[in-house]
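Participant: For reference, the file start.cif (mmCIF, C-alpha atoms; chains and numbers go by the auth columns) is included below:
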data_protein
loop_
_atom_site.group_PDB
_atom_site.id
_atom_site.type_symbol
_atom_site.label_atom_id
_atom_site.label_comp_id
_atom_site.label_asym_id
_atom_site.label_seq_id
_atom_site.Cartn_x
_atom_site.Cartn_y
_atom_site.Cartn_z
_atom_site.B_iso_or_equiv
_atom_site.auth_seq_id
_atom_site.auth_asym_id
ATOM 1 C CA MET A 1 82.497 63.340 112.657 0.00 1 A
ATOM 2 C CA SER A 2 83.496 62.846 116.275 0.00 2 A
ATOM 3 C CA THR A 3 81.768 64.791 119.038 0.00 3 A
ATOM 4 C CA LYS A 4 85.083 66.420 119.927 0.00 4 A
ATOM 5 C CA SER A 5 86.732 68.997 117.690 0.00 5 A
ATOM 6 C CA ASP A 6 89.141 67.920 114.961 0.00 6 A
ATOM 7 C CA ARG A 7 91.895 70.059 113.539 0.00 7 A
ATOM 8 C CA ILE A 8 93.650 70.314 110.189 0.00 8 A
ATOM 9 C CA GLU A 9 96.617 72.621 109.755 0.00 9 A
ATOM 10 C CA ILE A 10 98.595 73.552 106.681 0.00 10 A
ATOM 11 C CA ARG A 11 101.538 75.862 106.109 0.00 11 A
ATOM 12 C CA ILE A 12 102.061 77.397 102.681 0.00 12 A
ATOM 13 C CA GLY A 13 104.603 79.704 101.068 0.00 13 A
ATOM 14 C CA SER A 14 103.743 83.258 100.050 0.00 14 A
ATOM 15 C CA ALA A 15 102.693 82.410 96.524 0.00 15 A
ATOM 16 C CA LEU A 16 99.279 83.073 95.000 0.00 16 A
ATOM 17 C CA GLU A 17 99.519 79.717 93.205 0.00 17 A
ATOM 18 C CA TYR A 18 98.544 78.104 96.533 0.00 18 A
ATOM 19 C CA LEU A 19 95.116 79.781 96.554 0.00 19 A
ATOM 20 C CA ASP A 20 93.370 77.063 94.546 0.00 20 A
ATOM 21 C CA LEU A 21 94.871 74.367 96.775 0.00 21 A
ATOM 22 C CA VAL A 22 93.604 76.137 99.928 0.00 22 A
ATOM 23 C CA GLN A 23 90.231 76.642 98.273 0.00 23 A
ATOM 24 C CA THR A 24 89.964 72.946 97.431 0.00 24 A
ATOM 25 C CA LEU A 25 90.867 71.936 100.976 0.00 25 A
ATOM 26 C CA THR A 26 88.286 74.388 102.369 0.00 26 A
ATOM 27 C CA ASP A 27 85.607 72.999 100.027 0.00 27 A
ATOM 28 C CA CYS A 28 86.448 69.447 101.191 0.00 28 A
ATOM 29 C CA ILE A 29 86.159 70.445 104.855 0.00 29 A
ATOM 30 C CA THR A 30 82.882 72.378 104.463 0.00 30 A
ATOM 31 C CA GLY A 31 81.486 69.446 102.462 0.00 31 A
ATOM 32 C CA PHE A 32 82.609 67.006 105.165 0.00 32 A
ATOM 33 C CA ILE A 33 80.901 69.102 107.853 0.00 33 A
ATOM 34 C CA GLY A 34 77.743 69.275 105.743 0.00 34 A
ATOM 35 C CA PHE A 35 77.285 72.990 105.109 0.00 35 A
ATOM 36 C CA ASP A 36 74.802 73.766 102.342 0.00 36 A
ATOM 37 C CA GLU A 37 76.244 74.744 98.960 0.00 37 A
ATOM 38 C CA ASP A 38 75.801 78.522 99.334 0.00 38 A
ATOM 39 C CA THR A 39 77.265 78.651 102.851 0.00 39 A
ATOM 40 C CA ALA A 40 80.190 76.481 101.744 0.00 40 A
ATOM 41 C CA HIS A 41 80.804 78.857 98.841 0.00 41 A
ATOM 42 C CA TRP A 42 80.921 81.909 101.099 0.00 42 A
ATOM 43 C CA ILE A 43 83.193 80.180 103.628 0.00 43 A
ATOM 44 C CA GLY A 44 85.517 79.229 100.763 0.00 44 A
ATOM 45 C CA MET A 45 85.542 82.788 99.516 0.00 45 A
ATOM 46 C CA SER A 46 86.254 84.151 103.024 0.00 46 A
ATOM 47 C CA VAL A 47 89.235 81.814 103.397 0.00 47 A
ATOM 48 C CA ARG A 48 90.490 82.678 99.913 0.00 48 A
ATOM 49 C CA GLU A 49 90.254 86.421 100.672 0.00 49 A
ATOM 50 C CA SER A 50 92.073 85.974 104.014 0.00 50 A
ATOM 51 C CA VAL A 51 94.871 83.932 102.460 0.00 51 A
ATOM 52 C CA THR A 52 95.174 86.372 99.545 0.00 52 A
ATOM 53 C CA ASN A 53 95.566 89.236 102.031 0.00 53 A
ATOM 54 C CA ALA A 54 98.094 87.256 104.077 0.00 54 A
ATOM 55 C CA ILE A 55 100.237 86.474 101.019 0.00 55 A
ATOM 56 C CA GLN A 56 99.900 89.781 99.225 0.00 56 A
ATOM 57 C CA HIS A 57 99.581 92.425 101.948 0.00 57 A
ATOM 58 C CA GLY A 58 100.865 90.620 105.044 0.00 58 A
ATOM 59 C CA ASN A 59 103.908 88.764 103.698 0.00 59 A
ATOM 60 C CA ARG A 60 104.193 91.019 100.618 0.00 60 A
ATOM 61 C CA LEU A 61 104.855 87.946 98.449 0.00 61 A
ATOM 62 C CA ASP A 62 108.117 87.352 100.351 0.00 62 A
ATOM 63 C CA GLN A 63 108.925 83.700 99.593 0.00 63 A
ATOM 64 C CA SER A 64 110.802 83.341 102.871 0.00 64 A
ATOM 65 C CA LYS A 65 107.588 83.979 104.839 0.00 65 A
ATOM 66 C CA ARG A 66 104.838 81.465 105.447 0.00 66 A
ATOM 67 C CA VAL A 67 101.084 81.505 105.948 0.00 67 A
ATOM 68 C CA ASP A 68 99.615 79.144 108.547 0.00 68 A
ATOM 69 C CA ILE A 69 96.034 78.071 108.051 0.00 69 A
ATOM 70 C CA SER A 70 94.077 75.978 110.511 0.00 70 A
ATOM 71 C CA PHE A 71 90.581 74.524 110.445 0.00 71 A
ATOM 72 C CA GLU A 72 89.109 73.323 113.715 0.00 72 A
ATOM 73 C CA PHE A 73 85.716 71.753 113.396 0.00 73 A
ATOM 74 C CA ALA A 74 83.229 70.609 115.952 0.00 74 A
ATOM 75 C CA PRO A 75 79.651 69.452 115.420 0.00 75 A
ATOM 76 C CA ASP A 76 78.327 72.979 115.924 0.00 76 A
ATOM 77 C CA HIS A 77 80.953 75.228 114.342 0.00 77 A
ATOM 78 C CA LEU A 78 83.930 75.626 112.046 0.00 78 A
ATOM 79 C CA ASP A 79 86.768 77.731 113.378 0.00 79 A
ATOM 80 C CA ILE A 80 89.345 78.984 110.845 0.00 80 A
ATOM 81 C CA SER A 81 92.584 80.843 111.439 0.00 81 A
ATOM 82 C CA VAL A 82 94.874 82.421 108.826 0.00 82 A
ATOM 83 C CA LYS A 83 98.166 83.799 110.131 0.00 83 A
ATOM 84 C CA ASP A 84 100.868 85.641 108.226 0.00 84 A
ATOM 85 C CA GLU A 85 104.351 86.867 109.168 0.00 85 A
ATOM 86 C CA GLY A 86 103.839 90.484 108.159 0.00 86 A
ATOM 87 C CA THR A 87 103.893 93.672 110.182 0.00 87 A
ATOM 88 C CA GLY A 88 100.127 93.764 110.635 0.00 88 A
ATOM 89 C CA PHE A 89 97.652 96.575 110.078 0.00 89 A
ATOM 90 C CA GLN A 90 95.095 98.551 112.020 0.00 90 A
ATOM 91 C CA ILE A 91 91.716 97.190 111.121 0.00 91 A
ATOM 92 C CA ASP A 92 89.874 100.364 112.168 0.00 92 A
ATOM 93 C CA ARG A 93 91.952 102.399 109.721 0.00 93 A
ATOM 94 C CA LEU A 94 90.777 100.493 106.667 0.00 94 A
ATOM 95 C CA PRO A 95 88.540 102.587 104.413 0.00 95 A
ATOM 96 C CA ASN A 96 84.872 101.620 104.321 0.00 96 A
ATOM 97 C CA PRO A 97 84.170 100.314 100.787 0.00 97 A
ATOM 98 C CA LEU A 98 80.554 101.473 101.085 0.00 98 A
ATOM 99 C CA ASP A 99 81.483 105.153 101.471 0.00 99 A
ATOM 100 C CA ALA A 100 80.689 107.146 98.338 0.00 100 A
ATOM 101 C CA GLU A 101 84.326 108.126 97.809 0.00 101 A
ATOM 102 C CA ASN A 102 85.407 104.447 97.876 0.00 102 A
ATOM 103 C CA LEU A 103 82.616 102.929 95.801 0.00 103 A
ATOM 104 C CA LEU A 104 84.589 103.006 92.538 0.00 104 A
ATOM 105 C CA LYS A 105 87.916 101.926 94.005 0.00 105 A
ATOM 106 C CA PRO A 106 89.179 98.675 92.475 0.00 106 A
ATOM 107 C CA SER A 107 90.262 97.188 95.814 0.00 107 A
ATOM 108 C CA GLY A 108 89.381 97.199 99.516 0.00 108 A
ATOM 109 C CA ARG A 109 86.362 94.866 99.595 0.00 109 A
ATOM 110 C CA GLY A 110 87.929 91.571 100.726 0.00 110 A
ATOM 111 C CA ILE A 111 87.665 92.109 104.477 0.00 111 A
ATOM 112 C CA PHE A 112 84.170 93.533 104.058 0.00 112 A
ATOM 113 C CA TYR A 113 83.110 90.300 102.335 0.00 113 A
ATOM 114 C CA ILE A 114 84.741 88.157 105.038 0.00 114 A
ATOM 115 C CA ARG A 115 82.829 90.058 107.718 0.00 115 A
ATOM 116 C CA SER A 116 79.603 89.731 105.742 0.00 116 A
ATOM 117 C CA PHE A 117 79.779 85.970 105.291 0.00 117 A
ATOM 118 C CA MET A 118 81.295 84.666 108.532 0.00 118 A
ATOM 119 C CA ASP A 119 79.509 84.698 111.914 0.00 119 A
ATOM 120 C CA GLU A 120 82.515 85.945 113.878 0.00 120 A
ATOM 121 C CA VAL A 121 85.694 87.626 112.605 0.00 121 A
ATOM 122 C CA GLU A 122 88.625 88.813 114.701 0.00 122 A
ATOM 123 C CA PHE A 123 91.913 90.369 113.624 0.00 123 A
ATOM 124 C CA ILE A 124 94.620 89.497 116.117 0.00 124 A
ATOM 125 C CA PRO A 125 98.046 91.166 115.902 0.00 125 A
ATOM 126 C CA HIS A 126 100.746 88.964 117.444 0.00 126 A
ATOM 127 C CA ALA A 127 103.427 90.527 119.629 0.00 127 A
ATOM 128 C CA GLN A 128 106.120 88.409 117.957 0.00 128 A
ATOM 129 C CA GLY A 129 104.935 89.661 114.552 0.00 129 A
ATOM 130 C CA GLY A 130 102.253 88.613 112.151 0.00 130 A
ATOM 131 C CA MET A 131 98.527 89.128 111.886 0.00 131 A
ATOM 132 C CA GLU A 132 95.957 86.422 112.462 0.00 132 A
ATOM 133 C CA VAL A 133 92.459 86.428 111.045 0.00 133 A
ATOM 134 C CA HIS A 134 90.212 84.242 113.137 0.00 134 A
ATOM 135 C CA MET A 135 86.815 83.340 111.662 0.00 135 A
ATOM 136 C CA VAL A 136 83.934 81.237 112.923 0.00 136 A
ATOM 137 C CA LYS A 137 80.964 79.811 111.043 0.00 137 A
ATOM 138 C CA LYS A 138 78.256 78.125 113.054 0.00 138 A
ATOM 139 C CA VAL A 139 76.695 74.923 111.801 0.00 139 A
ATOM 140 C CA PRO A 140 72.920 75.376 111.643 0.00 140 A
ATOM 141 C CA SER A 141 71.125 73.002 114.009 0.00 141 A
ATOM 142 C CA ASN A 142 68.684 70.606 112.338 0.00 142 A
ATOM 143 C CA MET B 1 88.855 81.193 82.478 0.00 1 B
ATOM 144 C CA LYS B 2 87.846 82.007 78.918 0.00 2 B
ATOM 145 C CA ILE B 3 86.593 85.112 77.142 0.00 3 B
ATOM 146 C CA ASP B 4 84.821 84.889 73.787 0.00 4 B
ATOM 147 C CA THR B 5 84.368 88.259 72.107 0.00 5 B
ATOM 148 C CA ARG B 6 81.630 88.927 69.562 0.00 6 B
ATOM 149 C CA THR B 7 80.119 92.060 68.075 0.00 7 B
ATOM 150 C CA VAL B 8 76.431 92.759 67.668 0.00 8 B
ATOM 151 C CA GLY B 9 76.055 95.960 65.647 0.00 9 B
ATOM 152 C CA ASP B 10 78.345 98.443 67.371 0.00 10 B
ATOM 153 C CA VAL B 11 78.241 96.637 70.710 0.00 11 B
ATOM 154 C CA THR B 12 81.005 94.260 71.812 0.00 12 B
ATOM 155 C CA VAL B 13 79.792 91.382 73.956 0.00 13 B
ATOM 156 C CA LEU B 14 82.285 89.466 76.083 0.00 14 B
ATOM 157 C CA ASP B 15 81.064 85.986 76.984 0.00 15 B
ATOM 158 C CA ILE B 16 83.140 85.194 80.054 0.00 16 B
ATOM 159 C CA SER B 17 83.304 81.696 81.511 0.00 17 B
ATOM 160 C CA GLY B 18 85.162 80.181 84.456 0.00 18 B
ATOM 161 C CA LYS B 19 86.773 82.040 87.336 0.00 19 B
ATOM 162 C CA ILE B 20 87.468 85.762 87.616 0.00 20 B
ATOM 163 C CA THR B 21 89.997 85.729 90.423 0.00 21 B
ATOM 164 C CA LEU B 22 93.193 87.578 91.287 0.00 22 B
ATOM 165 C CA GLY B 23 95.831 87.048 88.619 0.00 23 B
ATOM 166 C CA GLU B 24 95.073 85.410 85.314 0.00 24 B
ATOM 167 C CA GLY B 25 91.302 85.959 85.428 0.00 25 B
ATOM 168 C CA THR B 26 91.395 89.644 86.326 0.00 26 B
ATOM 169 C CA MET B 27 94.211 90.331 83.862 0.00 27 B
ATOM 170 C CA ALA B 28 92.283 88.671 81.023 0.00 28 B
ATOM 171 C CA VAL B 29 89.227 90.878 81.636 0.00 29 B
ATOM 172 C CA ARG B 30 91.394 94.005 81.920 0.00 30 B
ATOM 173 C CA ASN B 31 93.397 93.282 78.768 0.00 31 B
ATOM 174 C CA THR B 32 90.335 92.392 76.690 0.00 32 B
ATOM 175 C CA VAL B 33 88.430 95.532 77.696 0.00 33 B
ATOM 176 C CA ARG B 34 91.468 97.739 77.008 0.00 34 B
ATOM 177 C CA GLU B 35 91.972 96.107 73.619 0.00 35 B
ATOM 178 C CA ILE B 36 88.362 96.873 72.678 0.00 36 B
ATOM 179 C CA LEU B 37 88.813 100.510 73.731 0.00 37 B
ATOM 180 C CA LYS B 38 92.069 100.704 71.796 0.00 38 B
ATOM 181 C CA ASN B 39 90.236 99.515 68.682 0.00 39 B
ATOM 182 C CA GLY B 40 87.575 102.199 69.096 0.00 40 B
ATOM 183 C CA GLY B 41 84.862 100.123 70.787 0.00 41 B
ATOM 184 C CA LYS B 42 82.810 102.215 73.203 0.00 42 B
ATOM 185 C CA LYS B 43 79.833 99.981 73.952 0.00 43 B
ATOM 186 C CA ILE B 44 80.695 96.878 75.937 0.00 44 B
ATOM 187 C CA VAL B 45 78.558 94.170 77.537 0.00 45 B
ATOM 188 C CA LEU B 46 80.090 91.664 79.955 0.00 46 B
ATOM 189 C CA ASN B 47 78.043 88.464 79.861 0.00 47 B
ATOM 190 C CA LEU B 48 78.705 86.781 83.224 0.00 48 B
ATOM 191 C CA ALA B 49 76.288 83.841 82.873 0.00 49 B
ATOM 192 C CA GLU B 50 79.062 81.240 82.853 0.00 50 B
ATOM 193 C CA VAL B 51 81.252 82.793 85.553 0.00 51 B
ATOM 194 C CA ASN B 52 81.223 80.126 88.243 0.00 52 B
ATOM 195 C CA TYR B 53 83.517 81.919 90.703 0.00 53 B
ATOM 196 C CA ILE B 54 84.568 85.483 91.414 0.00 54 B
ATOM 197 C CA ASP B 55 86.582 86.941 94.298 0.00 55 B
ATOM 198 C CA SER B 56 86.943 90.522 95.559 0.00 56 B
ATOM 199 C CA SER B 57 89.697 91.147 92.997 0.00 57 B
ATOM 200 C CA GLY B 58 87.320 90.021 90.251 0.00 58 B
ATOM 201 C CA ILE B 59 84.645 92.391 91.547 0.00 59 B
ATOM 202 C CA GLY B 60 87.343 95.079 91.683 0.00 60 B
ATOM 203 C CA GLU B 61 88.232 94.360 88.058 0.00 61 B
ATOM 204 C CA LEU B 62 84.598 94.836 87.004 0.00 62 B
ATOM 205 C CA VAL B 63 84.677 98.229 88.760 0.00 63 B
ATOM 206 C CA SER B 64 88.036 99.105 87.228 0.00 64 B
ATOM 207 C CA SER B 65 86.826 98.168 83.730 0.00 65 B
ATOM 208 C CA TYR B 66 83.684 100.232 84.269 0.00 66 B
ATOM 209 C CA THR B 67 85.648 103.349 85.276 0.00 67 B
ATOM 210 C CA THR B 68 88.210 102.899 82.475 0.00 68 B
ATOM 211 C CA VAL B 69 85.464 102.604 79.839 0.00 69 B
ATOM 212 C CA THR B 70 83.416 105.467 81.318 0.00 70 B
ATOM 213 C CA ASN B 71 86.470 107.738 81.522 0.00 71 B
ATOM 214 C CA GLN B 72 87.033 107.194 77.803 0.00 72 B
ATOM 215 C CA GLY B 73 83.466 108.180 76.957 0.00 73 B
ATOM 216 C CA GLY B 74 82.176 104.634 76.612 0.00 74 B
ATOM 217 C CA HIS B 75 79.591 102.484 78.375 0.00 75 B
ATOM 218 C CA LEU B 76 80.035 99.110 80.060 0.00 76 B
ATOM 219 C CA LYS B 77 77.036 97.060 81.154 0.00 77 B
ATOM 220 C CA LEU B 78 76.620 93.702 82.868 0.00 78 B
ATOM 221 C CA LEU B 79 74.495 90.842 81.555 0.00 79 B
ATOM 222 C CA ASN B 80 73.239 87.652 83.223 0.00 80 B
ATOM 223 C CA LEU B 81 74.598 88.073 86.738 0.00 81 B
ATOM 224 C CA THR B 82 74.707 84.823 88.658 0.00 82 B
ATOM 225 C CA LYS B 83 72.985 84.829 92.054 0.00 83 B
ATOM 226 C CA LYS B 84 76.348 84.983 93.804 0.00 84 B
ATOM 227 C CA ILE B 85 77.718 87.871 91.728 0.00 85 B
ATOM 228 C CA GLN B 86 74.429 89.709 92.279 0.00 86 B
ATOM 229 C CA GLU B 87 74.840 89.261 96.034 0.00 87 B
ATOM 230 C CA LEU B 88 78.477 90.436 96.014 0.00 88 B
ATOM 231 C CA LEU B 89 77.530 93.549 94.034 0.00 89 B
ATOM 232 C CA ALA B 90 74.457 94.218 96.183 0.00 90 B
ATOM 233 C CA ILE B 91 76.176 94.148 99.580 0.00 91 B
ATOM 234 C CA THR B 92 78.920 96.496 98.357 0.00 92 B
ATOM 235 C CA LYS B 93 76.343 98.897 96.836 0.00 93 B
ATOM 236 C CA LEU B 94 77.725 98.282 93.350 0.00 94 B
ATOM 237 C CA LEU B 95 74.305 97.490 91.915 0.00 95 B
ATOM 238 C CA THR B 96 73.781 101.248 92.184 0.00 96 B
ATOM 239 C CA VAL B 97 76.806 101.759 89.912 0.00 97 B
ATOM 240 C CA PHE B 98 76.329 99.179 87.154 0.00 98 B
ATOM 241 C CA GLN B 99 73.474 98.864 84.708 0.00 99 B
ATOM 242 C CA THR B 100 72.581 95.167 84.778 0.00 100 B
ATOM 243 C CA PHE B 101 70.369 93.042 82.528 0.00 101 B
ATOM 244 C CA ASP B 102 69.120 89.479 82.439 0.00 102 B
ATOM 245 C CA ASN B 103 68.167 89.685 78.775 0.00 103 B
ATOM 246 C CA GLU B 104 70.708 90.258 76.009 0.00 104 B
ATOM 247 C CA GLN B 105 68.317 92.086 73.677 0.00 105 B
ATOM 248 C CA ALA B 106 67.452 94.536 76.458 0.00 106 B
ATOM 249 C CA ALA B 107 71.149 95.081 77.165 0.00 107 B
ATOM 250 C CA LEU B 108 71.900 95.743 73.486 0.00 108 B
ATOM 251 C CA LYS B 109 68.966 98.132 73.115 0.00 109 B
ATOM 252 C CA SER B 110 69.993 100.110 76.211 0.00 110 B
ATOM 253 C CA PHE B 111 72.919 101.871 74.518 0.00 111 B
#
How does this structure look as structure tokens?
Facilitator:
Amino acid sequence: MSTKSDRIEIRIGSALEYLDLVQTLTDCITGFIGFDEDTAHWIGMSVRESVTNAIQHGNRLDQSKRVDISFEFAPDHLDISVKDEGTGFQIDRLPNPLDAENLLKPSGRGIFYIRSFMDEVEFIPHAQGGMEVHMVKKVPSN
Amino acid sequence: MKIDTRTVGDVTVLDISGKITLGEGTMAVRNTVREILKNGGKKIVLNLAEVNYIDSSGIGELVSSYTTVTNQGGHLKLLNLTKKIQELLAITKLLTVFQTFDNEQAALKSF
């Protein structure tokens, strides 16, 4: 890997069939960077959850809308962005899945898992429309 | 994703292998559990030893199956959690909800 950051970008349609493709690409990138197996697994899951949300909740499976995914990697970190074309949401209004009244709900854990496994997570609403999830995972120093 | 169903006494054990993810995987678990309930089965064990990947929808389906079975007067228990499933259940406090076992005989005897 070069000492500067490298970037890979893909644009996919709003179809859940793309999830395995994105997952495979993520696994290739985390393997290339040299993350250990567990960390790579959790990064892959975080990306999968973000893209699922973008397709399902952001773009509402509208085939005319796209999801942009970018991976920027430097020797000390992996920076991932997932952007949809939806109307966005207010992150502080999402129910806490750990609250007793939410514990048995079948959904609502994806963002919690992303926040648990990535070092930094930001939700950025764009003025021109769309929500971006920006995630960072640091590469442990040897 | 594959589900093999077997009965041990009055307990139905589902040996699940592969991925439990949004779509085909979650639907297969849901449909199989509902079919067992429809046929009068009330004691269900999900053997997760060979589940190599699960996402939040898969975890949600485990919860949904648990509540569906419980609401119909049955019991659903989890067997052979992988390290990763254990972690996903632990951080979302779901280990306090499910009865989990790492030994099939113990799971069968628990009903």
Participant: Check which residues satisfy the PyMOL selection byres ((chain B) within 10 of (chain A)) in the file shown, then give them as a PDB file with C-alpha atoms, in the coordinates of the input.
Facilitator:
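Output below, filename selection.pdb:
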ATOM      1  CA  THR B  21      89.997  85.729  90.423  1.00  0.00           C
ATOM      2  CA  LEU B  22      93.193  87.578  91.287  1.00  0.00           C
ATOM      3  CA  GLY B  23      95.831  87.048  88.619  1.00  0.00           C
ATOM      4  CA  TYR B  53      83.517  81.919  90.703  1.00  0.00           C
ATOM      5  CA  ILE B  54      84.568  85.483  91.414  1.00  0.00           C
ATOM      6  CA  ASP B  55      86.582  86.941  94.298  1.00  0.00           C
ATOM      7  CA  SER B  56      86.943  90.522  95.559  1.00  0.00           C
ATOM      8  CA  SER B  57      89.697  91.147  92.997  1.00  0.00           C
ATOM      9  CA  GLY B  58      87.320  90.021  90.251  1.00  0.00           C
ATOM     10  CA  ILE B  59      84.645  92.391  91.547  1.00  0.00           C
ATOM     11  CA  GLY B  60      87.343  95.079  91.683  1.00  0.00           C
ATOM     12  CA  GLU B  61      88.232  94.360  88.058  1.00  0.00           C
ATOM     13  CA  LEU B  62      84.598  94.836  87.004  1.00  0.00           C
ATOM     14  CA  VAL B  63      84.677  98.229  88.760  1.00  0.00           C
ATOM     15  CA  SER B  64      88.036  99.105  87.228  1.00  0.00           C
ATOM     16  CA  SER B  65      86.826  98.168  83.730  1.00  0.00           C
ATOM     17  CA  TYR B  66      83.684 100.232  84.269  1.00  0.00           C
ATOM     18  CA  THR B  67      85.648 103.349  85.276  1.00  0.00           C
ATOM     19  CA  LYS B  84      76.348  84.983  93.804  1.00  0.00           C
ATOM     20  CA  LEU B  88      78.477  90.436  96.014  1.00  0.00           C
ATOM     21  CA  ILE B  91      76.176  94.148  99.580  1.00  0.00           C
ATOM     22  CA  THR B  92      78.920  96.496  98.357  1.00  0.00           C
ATOM     23  CA  LYS B  93      76.343  98.897  96.836  1.00  0.00           C
ATOM     24  CA  LEU B  94      77.725  98.282  93.350  1.00  0.00           C
ATOM     25  CA  THR B  96      73.781 101.248  92.184  1.00  0.00           C
ATOM     26  CA  VAL B  97      76.806 101.759  89.912  1.00  0.00           C
TER      27      VAL B  97
END
Participant: Taking 2 positions as the minimum chain separation for residues in the same chain, which residues sit within 9 Å of Leu76 in chain B when counting all atoms listed in the file? Answer as a PDB file with C-alpha atoms, keeping the file's coordinate frame.
Facilitator:
ATOM      1  CA  LYS B  42      82.810 102.215  73.203  1.00  0.00           C
ATOM      2  CA  LYS B  43      79.833  99.981  73.952  1.00  0.00           C
ATOM      3  CA  ILE B  44      80.695  96.878  75.937  1.00  0.00           C
ATOM      4  CA  VAL B  45      78.558  94.170  77.537  1.00  0.00           C
ATOM      5  CA  LEU B  46      80.090  91.664  79.955  1.00  0.00           C
ATOM      6  CA  SER B  65      86.826  98.168  83.730  1.00  0.00           C
ATOM      7  CA  TYR B  66      83.684 100.232  84.269  1.00  0.00           C
ATOM      8  CA  THR B  67      85.648 103.349  85.276  1.00  0.00           C
ATOM      9  CA  VAL B  69      85.464 102.604  79.839  1.00  0.00           C
ATOM     10  CA  THR B  70      83.416 105.467  81.318  1.00  0.00           C
ATOM     11  CA  GLY B  74      82.176 104.634  76.612  1.00  0.00           C
ATOM     12  CA  LEU B  78      76.620  93.702  82.868  1.00  0.00           C
ATOM     13  CA  PHE B  98      76.329  99.179  87.154  1.00  0.00           C
ATOM     14  CA  GLN B  99      73.474  98.864  84.708  1.00  0.00           C
TER      15      GLN B  99
END
Participant: Record the distance separating CA of Phe89 in chain A and CA of Ser64 in chain A, expressed in Å with one decimal.
Facilitator: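 Result for CA of Phe89 in chain A versus CA of Ser64 in chain A: 20.0 Å, one decimal.
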Participant: Specify as a list of chain:residue names each residue included when the PyMOL selection byres ((chain A and resi 125) around 10) is applied to this file.
Facilitator: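 Evaluating the PyMOL selection byres ((chain A and resi 125) around 10) on this file yields A:Lys83, A:Asp84, A:Gly86, A:Thr87, A:Gly88, A:Phe89, A:Gln90, A:Ile91, A:Glu122, A:Phe123, A:Ile124, A:His126, A:Ala127, A:Gln128, A:Gly129, A:Gly130, A:Met131, A:Glu132, A:Val133.
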Participant: Please identify all polymer residues within 12 Å of range 24-30 of chain A, counting only C-alpha atoms, omitting same-chain residues fewer than 6 positions from it, and present them as a VMD selection string.
Facilitator: chain A and resid 1 6 to 10 18 36 to 48 51 69 to 75 77 to 81 137 to 139
Participant: What does the file look like for those residues with C-alpha atoms, as an mmCIF file, in the coordinates of the input?
Facilitator:
data_model
loop_
_atom_site.group_PDB
_atom_site.id
_atom_site.type_symbol
_atom_site.label_atom_id
_atom_site.label_comp_id
_atom_site.auth_asym_id
_atom_site.auth_seq_id
_atom_site.Cartn_x
_atom_site.Cartn_y
_atom_site.Cartn_z
ATOM 1 C CA MET A 1 82.497 63.340 112.657
ATOM 2 C CA ASP A 6 89.141 67.920 114.961
ATOM 3 C CA ARG A 7 91.895 70.059 113.539
ATOM 4 C CA ILE A 8 93.650 70.314 110.189
ATOM 5 C CA GLU A 9 96.617 72.621 109.755
ATOM 6 C CA ILE A 10 98.595 73.552 106.681
ATOM 7 C CA TYR A 18 98.544 78.104 96.533
ATOM 8 C CA ASP A 36 74.802 73.766 102.342
ATOM 9 C CA GLU A 37 76.244 74.744 98.960
ATOM 10 C CA ASP A 38 75.801 78.522 99.334
ATOM 11 C CA THR A 39 77.265 78.651 102.851
ATOM 12 C CA ALA A 40 80.190 76.481 101.744
ATOM 13 C CA HIS A 41 80.804 78.857 98.841
ATOM 14 C CA TRP A 42 80.921 81.909 101.099
ATOM 15 C CA ILE A 43 83.193 80.180 103.628
ATOM 16 C CA GLY A 44 85.517 79.229 100.763
ATOM 17 C CA MET A 45 85.542 82.788 99.516
ATOM 18 C CA SER A 46 86.254 84.151 103.024
ATOM 19 C CA VAL A 47 89.235 81.814 103.397
ATOM 20 C CA ARG A 48 90.490 82.678 99.913
ATOM 21 C CA VAL A 51 94.871 83.932 102.460
ATOM 22 C CA ILE A 69 96.034 78.071 108.051
ATOM 23 C CA SER A 70 94.077 75.978 110.511
ATOM 24 C CA PHE A 71 90.581 74.524 110.445
ATOM 25 C CA GLU A 72 89.109 73.323 113.715
ATOM 26 C CA PHE A 73 85.716 71.753 113.396
ATOM 27 C CA ALA A 74 83.229 70.609 115.952
ATOM 28 C CA PRO A 75 79.651 69.452 115.420
ATOM 29 C CA HIS A 77 80.953 75.228 114.342
ATOM 30 C CA LEU A 78 83.930 75.626 112.046
ATOM 31 C CA ASP A 79 86.768 77.731 113.378
ATOM 32 C CA ILE A 80 89.345 78.984 110.845
ATOM 33 C CA SER A 81 92.584 80.843 111.439
ATOM 34 C CA LYS A 137 80.964 79.811 111.043
ATOM 35 C CA LYS A 138 78.256 78.125 113.054
ATOM 36 C CA VAL A 139 76.695 74.923 111.801
#
Participant: Once 4 Å is added on each side, what are the centre and the three edge lengths, in Å to one decimal, of the axis-aligned box enclosing the listed atoms of range 7-26 of chain B? Present them as lines of an AutoDock Vina configuration file.
Facilitator:
center_x = 85.9
center_y = 89.3
center_z = 78.5
size_x = 27.8
size_y = 26.3
size_z = 33.6
Participant: Can you tell me how far CA of Arg66 in chain A sits from CA of Val22 in chain A, in Å to one decimal?
Facilitator: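 For CA of Arg66 in chain A relative to CA of Val22 in chain A, the distance reads 13.6 Å.
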Participant: For CA of Asn71 in chain B and CA of Glu24 in chain B, determine how far apart the two atoms are, in Å to one decimal place.
Facilitator: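 Atom-to-atom, CA of Asn71 in chain B and CA of Glu24 in chain B are spaced 24.2 Å apart.
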Participant: If we count all atoms listed in the file, what is near Leu108 in chain B at a cut-off of 8 Å, once residues fewer than 4 positions away on the same chain are taken out, given as JSON, numbers by chain?
Facilitator: {"B": [8, 11, 45, 104]}
Participant: Leaving out Thr100 in chain B and any residue of its chain fewer than 3 positions from it, which residues lie within 9 Å of it when counting all atoms listed in the file, given as number ranges by chain?
Facilitator: B: 77-81, 95, 107
Participant: Applying 10 Å and all atoms listed in the file, which residues near Ala28 in chain B remain after dropping the ones on its own chain fewer than 3 positions away? List them as a ChimeraX atom specification.
Facilitator: /B:1-3,16,20,23-25,31-34,61
